[in-house]
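Q: Below you'll find structure35.cif; it's mmCIF, C-alpha atoms.
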data_model
#
loop_
_atom_site.label_atom_id
_atom_site.label_comp_id
_atom_site.auth_asym_id
_atom_site.auth_seq_id
_atom_site.Cartn_x
_atom_site.Cartn_y
_atom_site.Cartn_z
CA MET A 1179 -16.28 226.60 -27.71
CA PRO A 1180 -14.88 230.10 -27.05
CA ILE A 1181 -16.74 233.10 -28.43
CA PRO A 1182 -14.82 234.43 -31.47
CA TYR A 1183 -15.26 238.00 -30.31
CA PRO A 1184 -15.15 238.17 -26.49
CA ASN A 1185 -16.30 241.38 -24.86
CA PRO A 1186 -14.69 242.48 -21.56
CA ALA A 1187 -17.34 245.18 -21.10
CA ALA A 1188 -20.13 242.58 -21.19
CA GLU A 1189 -18.36 240.56 -18.51
CA GLN A 1190 -17.89 243.75 -16.50
CA LEU A 1191 -21.65 244.37 -16.65
CA ARG A 1192 -22.48 240.77 -15.68
CA ALA A 1193 -20.12 241.01 -12.70
CA LEU A 1194 -21.80 244.24 -11.62
CA LEU A 1195 -25.24 242.63 -11.77
CA ALA A 1196 -24.01 239.51 -9.96
CA LYS A 1197 -23.33 241.59 -6.83
CA GLY A 1198 -27.09 241.67 -6.25
CA ASP A 1199 -27.31 245.38 -5.45
CA ILE A 1200 -29.48 247.69 -7.53
CA VAL A 1201 -27.43 249.65 -10.06
CA THR A 1202 -28.32 253.32 -10.46
CA MET A 1203 -27.74 254.11 -14.14
CA PRO A 1204 -27.80 257.74 -15.31
CA CYS A 1205 -28.06 257.76 -19.09
CA CYS A 1206 -25.65 259.64 -21.29
CA PHE A 1207 -25.94 261.19 -24.74
CA ASP A 1208 -22.34 262.04 -25.72
CA GLY A 1209 -18.74 261.80 -24.54
CA MET A 1210 -18.96 264.64 -22.04
CA SER A 1211 -22.11 263.42 -20.33
CA ALA A 1212 -20.66 259.90 -20.16
CA LYS A 1213 -17.45 261.25 -18.62
CA LEU A 1214 -19.37 263.22 -15.98
CA ILE A 1215 -21.32 260.09 -15.03
CA GLU A 1216 -18.09 258.17 -14.43
CA GLN A 1217 -16.52 261.11 -12.59
CA ALA A 1218 -19.53 261.17 -10.27
CA GLY A 1219 -18.82 257.58 -9.27
CA PHE A 1220 -21.48 255.64 -11.15
CA ASP A 1221 -20.62 252.14 -12.39
CA LEU A 1222 -22.84 251.93 -15.49
CA THR A 1223 -24.36 254.13 -18.15
CA PHE A 1224 -26.67 253.79 -21.12
CA LEU A 1225 -26.72 255.75 -24.37
CA SER A 1226 -30.29 257.07 -24.26
CA GLY A 1227 -31.97 257.17 -27.66
CA PHE A 1228 -34.13 260.10 -26.56
CA ALA A 1229 -31.16 262.11 -25.33
CA ALA A 1230 -28.78 261.11 -28.13
CA SER A 1231 -31.28 262.11 -30.81
CA ALA A 1232 -31.84 265.45 -29.09
CA SER A 1233 -28.10 266.04 -28.69
CA ARG A 1234 -26.89 264.86 -32.10
CA LEU A 1235 -29.78 265.90 -34.34
CA GLY A 1236 -31.66 268.47 -32.28
CA ALA A 1237 -34.67 266.30 -33.08
CA PRO A 1238 -37.08 264.00 -31.21
CA ASP A 1239 -36.58 260.29 -30.66
CA THR A 1240 -38.90 259.19 -33.47
CA GLY A 1241 -36.65 256.84 -35.41
CA LEU A 1242 -34.75 259.64 -37.16
CA MET A 1243 -31.26 258.45 -36.13
CA SER A 1244 -29.81 255.73 -38.33
CA TYR A 1245 -27.91 252.68 -37.10
CA GLY A 1246 -24.64 254.23 -38.26
CA GLU A 1247 -25.31 257.45 -36.37
CA VAL A 1248 -26.20 255.60 -33.17
CA LEU A 1249 -23.10 253.42 -33.46
CA ASP A 1250 -20.92 256.49 -34.00
CA GLN A 1251 -22.50 258.24 -31.01
CA ALA A 1252 -21.91 255.13 -28.88
CA ARG A 1253 -18.24 254.94 -29.87
CA ASN A 1254 -17.72 258.61 -29.03
CA ALA A 1255 -19.29 258.16 -25.61
CA MET A 1256 -17.36 254.98 -24.80
CA HIS A 1257 -14.01 256.48 -25.74
CA ALA A 1258 -14.42 258.93 -22.85
CA ILE A 1259 -15.04 256.34 -20.11
CA SER A 1260 -13.89 253.06 -18.60
CA ILE A 1261 -17.21 251.97 -17.08
CA PRO A 1262 -19.53 249.72 -19.16
CA MET A 1263 -22.16 251.27 -21.40
CA ILE A 1264 -25.37 249.83 -22.83
CA ALA A 1265 -26.52 251.00 -26.28
CA ASP A 1266 -30.09 251.53 -27.43
CA GLY A 1267 -30.57 249.35 -30.52
CA ASP A 1268 -34.19 250.44 -31.04
CA THR A 1269 -36.00 247.93 -33.27
CA GLY A 1270 -32.75 246.60 -34.73
CA TYR A 1271 -33.17 248.80 -37.83
CA GLY A 1272 -34.90 246.26 -40.04
CA ASN A 1273 -35.51 242.55 -40.37
CA PRO A 1274 -33.80 239.84 -38.25
CA MET A 1275 -30.65 240.09 -40.36
CA ASN A 1276 -30.47 243.80 -39.55
CA VAL A 1277 -31.00 242.99 -35.88
CA MET A 1278 -28.02 240.63 -35.97
CA ARG A 1279 -25.86 243.27 -37.67
CA THR A 1280 -26.92 245.86 -35.08
CA VAL A 1281 -26.09 243.63 -32.11
CA LYS A 1282 -22.78 242.47 -33.59
CA GLY A 1283 -21.83 246.05 -34.38
CA PHE A 1284 -22.44 247.22 -30.84
CA ALA A 1285 -20.53 244.24 -29.45
CA ARG A 1286 -17.49 244.82 -31.66
CA ALA A 1287 -17.55 248.53 -30.79
CA GLY A 1288 -17.21 247.56 -27.12
CA CYS A 1289 -20.72 248.16 -25.80
CA ALA A 1290 -21.52 246.08 -22.75
CA GLY A 1291 -25.13 245.55 -23.77
CA ALA A 1292 -27.60 246.16 -26.56
CA MET A 1293 -31.30 246.82 -26.09
CA ILE A 1294 -33.73 245.55 -28.73
CA GLU A 1295 -37.44 246.37 -28.60
CA ASP A 1296 -40.71 245.25 -30.17
CA GLN A 1297 -42.04 248.56 -31.46
CA MET A 1298 -43.01 249.12 -35.08
CA ALA A 1299 -40.60 251.24 -37.07
CA PRO A 1300 -40.17 254.13 -36.84
CA LYS A 1301 -40.03 253.68 -33.07
CA ARG A 1302 -41.11 256.24 -30.51
CA CYS A 1303 -39.95 257.21 -27.05
CA GLY A 1304 -41.79 254.84 -24.72
CA HIS A 1305 -43.72 257.57 -22.91
CA THR A 1306 -44.86 259.61 -25.91
CA GLU A 1307 -47.77 259.31 -28.31
CA GLY A 1308 -47.94 257.22 -31.46
CA LYS A 1309 -46.05 254.07 -30.50
CA ARG A 1310 -47.24 250.68 -31.74
CA VAL A 1311 -45.73 247.22 -31.36
CA VAL A 1312 -45.28 244.39 -33.84
CA ASP A 1313 -47.13 241.13 -33.23
CA ARG A 1314 -45.66 238.69 -30.74
CA SER A 1315 -44.25 236.33 -33.36
CA GLU A 1316 -42.27 239.13 -35.02
CA ALA A 1317 -41.05 240.35 -31.64
CA ILE A 1318 -39.79 236.83 -30.87
CA GLU A 1319 -38.06 236.67 -34.27
CA ARG A 1320 -36.20 239.89 -33.47
CA MET A 1321 -35.11 238.59 -30.10
CA HIS A 1322 -34.04 235.26 -31.57
CA ALA A 1323 -31.82 237.18 -34.01
CA ALA A 1324 -30.29 239.20 -31.14
CA ILE A 1325 -29.57 236.04 -29.15
CA GLU A 1326 -28.11 234.38 -32.25
CA ALA A 1327 -25.77 237.34 -32.76
CA ARG A 1328 -24.55 237.01 -29.16
CA ALA A 1329 -23.34 233.49 -29.91
CA SER A 1330 -20.44 234.90 -31.92
CA ASP A 1331 -20.09 238.42 -30.50
CA ASP A 1332 -20.54 238.49 -26.74
CA ILE A 1333 -22.85 241.18 -25.41
CA VAL A 1334 -25.59 241.42 -22.80
CA ILE A 1335 -29.03 241.43 -24.44
CA ILE A 1336 -31.65 243.73 -22.96
CA ALA A 1337 -35.10 242.68 -24.21
CA ARG A 1338 -37.64 245.50 -24.21
CA THR A 1339 -41.37 245.31 -24.78
CA ASP A 1340 -43.68 248.29 -25.21
CA ALA A 1341 -46.82 246.16 -25.41
CA ARG A 1342 -48.25 247.39 -22.09
CA ARG A 1343 -50.01 250.47 -23.49
CA GLN A 1344 -51.45 248.94 -26.66
CA HIS A 1345 -52.25 245.39 -25.52
CA GLY A 1346 -52.23 245.43 -21.72
CA LEU A 1347 -49.94 244.09 -19.04
CA ASP A 1348 -50.67 240.40 -19.67
CA GLU A 1349 -49.39 240.61 -23.25
CA ALA A 1350 -46.30 242.53 -22.12
CA LEU A 1351 -45.59 239.87 -19.50
CA ALA A 1352 -46.06 237.06 -22.02
CA ARG A 1353 -43.53 238.66 -24.36
CA ALA A 1354 -41.04 239.30 -21.58
CA GLU A 1355 -41.39 235.72 -20.37
CA ALA A 1356 -40.69 234.45 -23.90
CA PHE A 1357 -37.64 236.72 -24.19
CA ALA A 1358 -36.27 235.44 -20.89
CA ALA A 1359 -36.79 231.81 -21.96
CA MET A 1360 -34.78 232.53 -25.10
CA GLY A 1361 -31.84 233.81 -23.07
CA ALA A 1362 -32.26 237.58 -22.70
CA GLU A 1363 -30.31 238.54 -19.58
CA ILE A 1364 -32.13 241.79 -18.77
CA LEU A 1365 -35.87 242.39 -19.20
CA PHE A 1366 -37.35 245.83 -19.69
CA VAL A 1367 -41.13 246.01 -19.62
CA GLU A 1368 -41.76 249.64 -20.52
CA GLU A 1369 -44.41 251.90 -19.02
CA PRO A 1370 -45.95 250.06 -16.04
CA TYR A 1371 -48.61 252.34 -14.59
CA SER A 1372 -48.43 251.47 -10.91
CA ILE A 1373 -46.22 250.05 -8.17
CA GLU A 1374 -48.31 246.88 -8.23
CA GLU A 1375 -47.62 246.43 -11.94
CA MET A 1376 -43.92 246.96 -11.29
CA ARG A 1377 -44.01 244.27 -8.59
CA THR A 1378 -45.81 241.86 -10.96
CA ILE A 1379 -43.19 242.43 -13.65
CA CYS A 1380 -40.32 241.60 -11.33
CA ALA A 1381 -42.05 238.40 -10.14
CA LEU A 1382 -42.16 237.16 -13.74
CA SER A 1383 -38.73 235.52 -13.96
CA ASP A 1384 -35.27 235.29 -12.46
CA ALA A 1385 -33.81 237.49 -15.20
CA HIS A 1386 -32.57 240.92 -14.22
CA HIS A 1387 -35.21 243.65 -14.54
CA MET A 1388 -34.69 247.28 -15.49
CA ALA A 1389 -36.89 250.15 -14.29
CA ASN A 1390 -37.26 253.28 -16.39
CA MET A 1391 -37.31 256.35 -14.15
CA LEU A 1392 -38.41 258.96 -16.67
CA GLU A 1393 -39.40 262.11 -14.83
CA GLY A 1394 -42.86 263.19 -16.02
CA GLY A 1395 -43.58 259.81 -17.64
CA SER A 1396 -46.27 257.23 -16.90
CA THR A 1397 -44.30 255.06 -14.46
CA PRO A 1398 -44.08 255.99 -10.76
CA ILE A 1399 -40.71 257.49 -9.82
CA LEU A 1400 -39.37 255.54 -6.86
CA PRO A 1401 -36.09 255.70 -4.91
CA PRO A 1402 -33.54 252.98 -5.74
CA GLU A 1403 -34.07 251.24 -2.41
CA GLN A 1404 -37.78 250.77 -3.13
CA LEU A 1405 -37.06 249.61 -6.66
CA ALA A 1406 -34.66 247.02 -5.25
CA ASP A 1407 -37.33 245.81 -2.84
CA LEU A 1408 -39.69 245.33 -5.79
CA GLY A 1409 -37.05 243.23 -7.53
CA PHE A 1410 -35.39 245.57 -10.02
CA ALA A 1411 -31.67 245.25 -10.73
CA ILE A 1412 -31.18 248.51 -12.66
CA ALA A 1413 -32.72 251.95 -12.21
CA ALA A 1414 -32.33 253.88 -15.47
CA TYR A 1415 -32.63 257.67 -15.69
CA PRO A 1416 -32.92 258.26 -19.46
CA VAL A 1417 -33.41 262.03 -19.71
CA THR A 1418 -32.35 263.39 -16.31
CA LEU A 1419 -28.99 264.75 -17.49
CA LEU A 1420 -30.35 266.04 -20.77
CA SER A 1421 -33.22 267.80 -19.01
CA ALA A 1422 -30.90 269.34 -16.42
CA ALA A 1423 -28.47 270.50 -19.10
CA MET A 1424 -31.21 272.02 -21.25
CA LYS A 1425 -32.72 273.85 -18.30
CA ALA A 1426 -29.32 275.24 -17.31
CA MET A 1427 -28.54 276.34 -20.87
CA THR A 1428 -31.98 277.91 -21.27
CA ASP A 1429 -31.56 279.87 -18.04
CA VAL A 1430 -28.09 281.08 -19.02
CA LEU A 1431 -29.25 282.11 -22.50
CA GLN A 1432 -32.11 284.10 -20.99
CA ASN A 1433 -29.64 285.87 -18.72
CA LEU A 1434 -27.36 286.65 -21.67
CA ALA A 1435 -30.30 287.97 -23.69
CA GLN A 1436 -31.30 290.27 -20.81
CA GLY A 1437 -27.77 291.37 -19.92
CA ARG A 1438 -27.72 289.60 -16.56
CA PRO A 1439 -24.59 287.88 -15.15
CA ASN A 1440 -24.32 284.10 -15.12
CA ASP A 1441 -21.75 283.69 -12.34
CA ASP A 1442 -24.05 281.52 -10.19
CA HIS A 1443 -24.74 279.14 -13.09
CA LEU A 1444 -21.16 278.46 -14.18
CA LEU A 1445 -18.35 276.19 -13.08
CA GLU A 1446 -15.09 277.84 -12.15
CA PHE A 1447 -12.94 277.79 -15.29
CA SER A 1448 -10.33 275.70 -13.49
CA GLU A 1449 -13.00 273.09 -12.64
CA LEU A 1450 -14.34 273.18 -16.19
CA ARG A 1451 -10.87 272.48 -17.57
CA LYS A 1452 -10.37 269.68 -15.07
CA GLN A 1453 -13.65 267.92 -15.85
CA VAL A 1454 -13.15 268.19 -19.59
CA GLY A 1455 -9.72 266.62 -19.18
CA PHE A 1456 -7.16 269.37 -19.71
CA ASP A 1457 -5.31 268.65 -16.45
CA GLU A 1458 -5.03 264.95 -17.25
CA TYR A 1459 -3.94 265.72 -20.81
CA HIS A 1460 -1.16 268.08 -19.75
CA ALA A 1461 0.04 265.73 -17.00
CA LYS A 1462 0.31 262.89 -19.51
CA ALA A 1463 1.96 265.11 -22.08
CA ASN A 1464 4.57 266.25 -19.56
CA GLN A 1465 5.23 262.65 -18.55
CA MET A 1466 5.88 261.79 -22.20
CA GLY A 1467 8.01 264.87 -22.81
CA VAL A 1468 5.51 266.43 -25.21
CA ARG A 1469 5.55 270.20 -25.41
CA THR A 1470 2.05 271.67 -24.94
CA ARG A 1471 2.98 275.35 -25.03
#
Would you encode the structure as structure tokens?

A:
Amino acid sequence: MPIPYPNPAAEQLRALLAKGDIVTMPCCFDGMSAKLIEQAGFDLTFLSGFAASASRLGAPDTGLMSYGEVLDQARNAMHAISIPMIADGDTGYGNPMNVMRTVKGFARAGCAGAMIEDQMAPKRCGHTEGKRVVDRSEAIERMHAAIEARASDDIVIIARTDARRQHGLDEALARAEAFAAMGAEILFVEEPYSIEEMRTICALSDAHHMANMLEGGSTPILPPEQLADLGFAIAAYPVTLLSAAMKAMTDVLQNLAQGRPNDDHLLEFSELRKQVGFDEYHAKANQMGVRTR
């Protein structure tokens, strides 16, 4: 029976994973960062909850963004690109019925995948203090709801567990194994503490595995080739662009405050216009006979 709401982006993501090569996935936080990722030649991005909360709210990733705000941020980012994008669905924003609504909403918006996790609400960034997970039965209920939603609205389900810190690796592996048996296509065991733990995670099942390369976090930062050898299919960089952008803006603001020039920190204005899309806009407008001056 055909899925009532097919999703070309989900099929695009599955085809990318089927190639068997590790996918390097810089994470975005808005339309401009998503556009730069595609312009740089990457094939996949992810709307980082950490980065989106910082960008949209100027606030930490501590469950402050609502489902509607995340969905709106995802739509804005996707409108700027043609590559597939995964959305961070956090805990699903409530009970299993909320999880289903969250997953369906992301699918109908055109997201290639939705990540659902087993943290207690309000969730926390996986490498910060204060995070706790629900018990295994509730985590399985959430994932069952996500899988059920996929039956009518196609989307790739990324199953995340944060149980490693609170309950140990064995509990995290047990949850991930249960998620895979239910039909989750990508497994994300957050916060392994060593290369050996990362290897153990990837040996768990034939599902695709995602590694979280958060600079300064608890997990070893490894090159994509080594991650591939361990068995990972996706290398995610959740805050790399946000951190780089914030450092650049901080440096420029300090220069402005002290009266120093910023020439070495800035794009040429012509390149800035090009990357934002002015050249493409004017070319299309001229083709259509639209006056732009």

Q: I'd like to know which of A:Ile1373, A:Ala1358, A:Met1210, A:Ile1200 is closest to Leu1450 of chain A, using all atoms listed in the file.

A: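 Of A:Ile1373, A:Ala1358, A:Met1210, A:Ile1200, the one nearest Leu1450 of chain A, counting all atoms listed in the file, is A:Met1210.
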
Q: Which one is closest to Ser1396 of chain A: A:Pro1370, A:Pro1416, A:Pro1186, A:Pro1238? Count only C-alpha atoms.

A: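 Nearest to Ser1396 of chain A: A:Pro1370.
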
Q: Excluding Arg1192 of chain A and any residue of its chain fewer than 3 positions from it, enumerate the residues within 10 Å of it, using only C-alpha atoms, and give them as an MDAnalysis selection string.

A: chainID A and resid 1186:1189 1195:1197 1290:1291 1333:1334 1363

Q: So that I can see what lies close to segment 1211-1219 of chain A, please list as a PyMOL selection string the residues with an atom at most 7 Å from it, counting only C-alpha atoms and leaving out residues fewer than 4 positions away in the same chain.

A: chain A and resi 1204+1206-1207+1255+1258-1259+1261

Q: With only C-alpha atoms as the basis for distance, which of A:Ala1352, A:Ala1287, A:Val1201, A:Met1243 is at the shortest distance from Ala1299 of chain A?

A: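 For Ala1299 of chain A, the nearest of the candidates is A:Met1243.
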
Q: Env of Thr1378 of chain A: 12 Å cut, atoms = all atoms listed in the file, seq-sep filter 3 positions within chain, self excluded. Answer as a short mmCIF file (atom, residue, chain, number, x, y, z; two decimals) with C-alpha atoms, in the coordinates of the input.

A:
data_model
loop_
_atom_site.label_atom_id
_atom_site.label_comp_id
_atom_site.auth_asym_id
_atom_site.auth_seq_id
_atom_site.Cartn_x
_atom_site.Cartn_y
_atom_site.Cartn_z
CA LEU A 1347 -49.94 244.09 -19.04
CA ASP A 1348 -50.67 240.40 -19.67
CA ALA A 1350 -46.30 242.53 -22.12
CA LEU A 1351 -45.59 239.87 -19.50
CA ALA A 1354 -41.04 239.30 -21.58
CA VAL A 1367 -41.13 246.01 -19.62
CA PRO A 1370 -45.95 250.06 -16.04
CA TYR A 1371 -48.61 252.34 -14.59
CA SER A 1372 -48.43 251.47 -10.91
CA ILE A 1373 -46.22 250.05 -8.17
CA GLU A 1374 -48.31 246.88 -8.23
CA GLU A 1375 -47.62 246.43 -11.94
CA ALA A 1381 -42.05 238.40 -10.14
CA LEU A 1382 -42.16 237.16 -13.74
CA SER A 1383 -38.73 235.52 -13.96
CA HIS A 1387 -35.21 243.65 -14.54
CA LEU A 1408 -39.69 245.33 -5.79
CA GLY A 1409 -37.05 243.23 -7.53
CA PHE A 1410 -35.39 245.57 -10.02
#

Q: Which neighbours of Glu1369 of chain A fall inside 12 Å, counting all atoms listed in the file, when residues of the same chain fewer than 2 positions from it are skipped, and could you give them as a PyMOL selection string?

A: chain A and resi 1303-1306+1309+1338-1344+1346-1347+1350+1366-1367+1371-1373+1375-1376+1379+1388-1392+1394-1399

Q: Put those residues in a file: C-alpha atoms, as a short mmCIF file (atom, residue, chain, number, x, y, z; two decimals), in the frame of the given file.

A:
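Final output, again_22.cif:
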data_model
loop_
_atom_site.label_atom_id
_atom_site.label_comp_id
_atom_site.auth_asym_id
_atom_site.auth_seq_id
_atom_site.Cartn_x
_atom_site.Cartn_y
_atom_site.Cartn_z
CA CYS A 1303 -39.95 257.21 -27.05
CA GLY A 1304 -41.79 254.84 -24.72
CA HIS A 1305 -43.72 257.57 -22.91
CA THR A 1306 -44.86 259.61 -25.91
CA LYS A 1309 -46.05 254.07 -30.50
CA ARG A 1338 -37.64 245.50 -24.21
CA THR A 1339 -41.37 245.31 -24.78
CA ASP A 1340 -43.68 248.29 -25.21
CA ALA A 1341 -46.82 246.16 -25.41
CA ARG A 1342 -48.25 247.39 -22.09
CA ARG A 1343 -50.01 250.47 -23.49
CA GLN A 1344 -51.45 248.94 -26.66
CA GLY A 1346 -52.23 245.43 -21.72
CA LEU A 1347 -49.94 244.09 -19.04
CA ALA A 1350 -46.30 242.53 -22.12
CA PHE A 1366 -37.35 245.83 -19.69
CA VAL A 1367 -41.13 246.01 -19.62
CA TYR A 1371 -48.61 252.34 -14.59
CA SER A 1372 -48.43 251.47 -10.91
CA ILE A 1373 -46.22 250.05 -8.17
CA GLU A 1375 -47.62 246.43 -11.94
CA MET A 1376 -43.92 246.96 -11.29
CA ILE A 1379 -43.19 242.43 -13.65
CA MET A 1388 -34.69 247.28 -15.49
CA ALA A 1389 -36.89 250.15 -14.29
CA ASN A 1390 -37.26 253.28 -16.39
CA MET A 1391 -37.31 256.35 -14.15
CA LEU A 1392 -38.41 258.96 -16.67
CA GLY A 1394 -42.86 263.19 -16.02
CA GLY A 1395 -43.58 259.81 -17.64
CA SER A 1396 -46.27 257.23 -16.90
CA THR A 1397 -44.30 255.06 -14.46
CA PRO A 1398 -44.08 255.99 -10.76
CA ILE A 1399 -40.71 257.49 -9.82
#

Q: Distance atom CA of Ala1230 of chain A-atom CA of Ala1324 of chain A, one decimal place?

A: 22.2 Å

Q: Which residues, written as number ranges by chain, have at least one atom at most 12 Å from Ala1423 of chain A, with only C-alpha atoms counted and residues fewer than 5 positions away on the same chain left out?

A: A: 1206-1207, 1210-1211, 1229, 1232-1233, 1417-1418, 1428-1430, 1443-1444

Q: In Å, how far is it from atom CA of Ile1294 of chain A to atom CA of Gly1267 of chain A?

A: 5.3 Å

Q: Quick one: distance from atom CA of Leu1405 of chain A to atom CA of Glu1393 of chain A in Å, one decimal?

A: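 Rounded to one decimal, the two atoms are 15.1 Å apart.
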
Q: Within 9 Å of (-42.8, 253.6, -32.6) (file coordinates; all atoms listed in the file), which protein or nucleic acid residues are there? I'd like them as a ChimeraX atom specification.

A: /A:1240-1241,1269,1296-1304,1307-1311

Q: Calculated over all atoms listed in the file, which of the candidates A:Ala1292, A:Arg1353, A:Lys1282, A:Arg1328 has the smallest distance to Asp1313 of chain A?

A: A:Arg1353

Q: Out of A:Asn1433, A:Leu1222, A:Ala1337, A:His1460, which residue has the shortest atom-to-atom distance to Gly1361 of chain A when counting all atoms listed in the file?

A: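 Using all atoms listed in the file, the shortest distance to Gly1361 of chain A belongs to A:Ala1337.
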
Q: Could you add whatever atoms are missing so that segment 1283-1294 of chain A carries N, CA and C atoms, then write the result as a PDB file, in the frame of the given file?

A:
ATOM      1  N   GLY A1283     -22.538 244.777 -34.281  1.00  0.00           N
ATOM      2  CA  GLY A1283     -21.830 246.050 -34.380  1.00  0.00           C
ATOM      3  C   GLY A1283     -21.589 246.687 -33.037  1.00  0.00           C
ATOM      4  N   PHE A1284     -22.608 246.670 -32.180  1.00  0.00           N
ATOM      5  CA  PHE A1284     -22.440 247.220 -30.840  1.00  0.00           C
ATOM      6  C   PHE A1284     -21.425 246.412 -30.045  1.00  0.00           C
ATOM      7  N   ALA A1285     -21.462 245.093 -30.185  1.00  0.00           N
ATOM      8  CA  ALA A1285     -20.530 244.240 -29.450  1.00  0.00           C
ATOM      9  C   ALA A1285     -19.092 244.521 -29.877  1.00  0.00           C
ATOM     10  N   ARG A1286     -18.859 244.601 -31.158  1.00  0.00           N
ATOM     11  CA  ARG A1286     -17.490 244.820 -31.660  1.00  0.00           C
ATOM     12  C   ARG A1286     -17.003 246.231 -31.373  1.00  0.00           C
ATOM     13  N   ALA A1287     -17.939 247.170 -31.183  1.00  0.00           N
ATOM     14  CA  ALA A1287     -17.550 248.530 -30.790  1.00  0.00           C
ATOM     15  C   ALA A1287     -17.170 248.612 -29.319  1.00  0.00           C
ATOM     16  N   GLY A1288     -17.551 247.579 -28.530  1.00  0.00           N
ATOM     17  CA  GLY A1288     -17.210 247.560 -27.120  1.00  0.00           C
ATOM     18  C   GLY A1288     -18.342 247.874 -26.173  1.00  0.00           C
ATOM     19  N   CYS A1289     -19.573 247.941 -26.694  1.00  0.00           N
ATOM     20  CA  CYS A1289     -20.720 248.160 -25.800  1.00  0.00           C
ATOM     21  C   CYS A1289     -20.910 246.940 -24.911  1.00  0.00           C
ATOM     22  N   ALA A1290     -21.281 247.180 -23.671  1.00  0.00           N
ATOM     23  CA  ALA A1290     -21.520 246.080 -22.750  1.00  0.00           C
ATOM     24  C   ALA A1290     -22.832 245.374 -23.032  1.00  0.00           C
ATOM     25  N   GLY A1291     -23.814 246.114 -23.509  1.00  0.00           N
ATOM     26  CA  GLY A1291     -25.130 245.550 -23.770  1.00  0.00           C
ATOM     27  C   GLY A1291     -25.795 246.255 -24.929  1.00  0.00           C
ATOM     28  N   ALA A1292     -26.801 245.579 -25.492  1.00  0.00           N
ATOM     29  CA  ALA A1292     -27.600 246.160 -26.560  1.00  0.00           C
ATOM     30  C   ALA A1292     -29.072 245.910 -26.248  1.00  0.00           C
ATOM     31  N   MET A1293     -29.875 246.947 -26.338  1.00  0.00           N
ATOM     32  CA  MET A1293     -31.300 246.820 -26.090  1.00  0.00           C
ATOM     33  C   MET A1293     -32.048 246.748 -27.408  1.00  0.00           C
ATOM     34  N   ILE A1294     -32.896 245.724 -27.550  1.00  0.00           N
ATOM     35  CA  ILE A1294     -33.730 245.550 -28.730  1.00  0.00           C
ATOM     36  C   ILE A1294     -35.189 245.525 -28.283  1.00  0.00           C
TER      37      ILE A1294
END
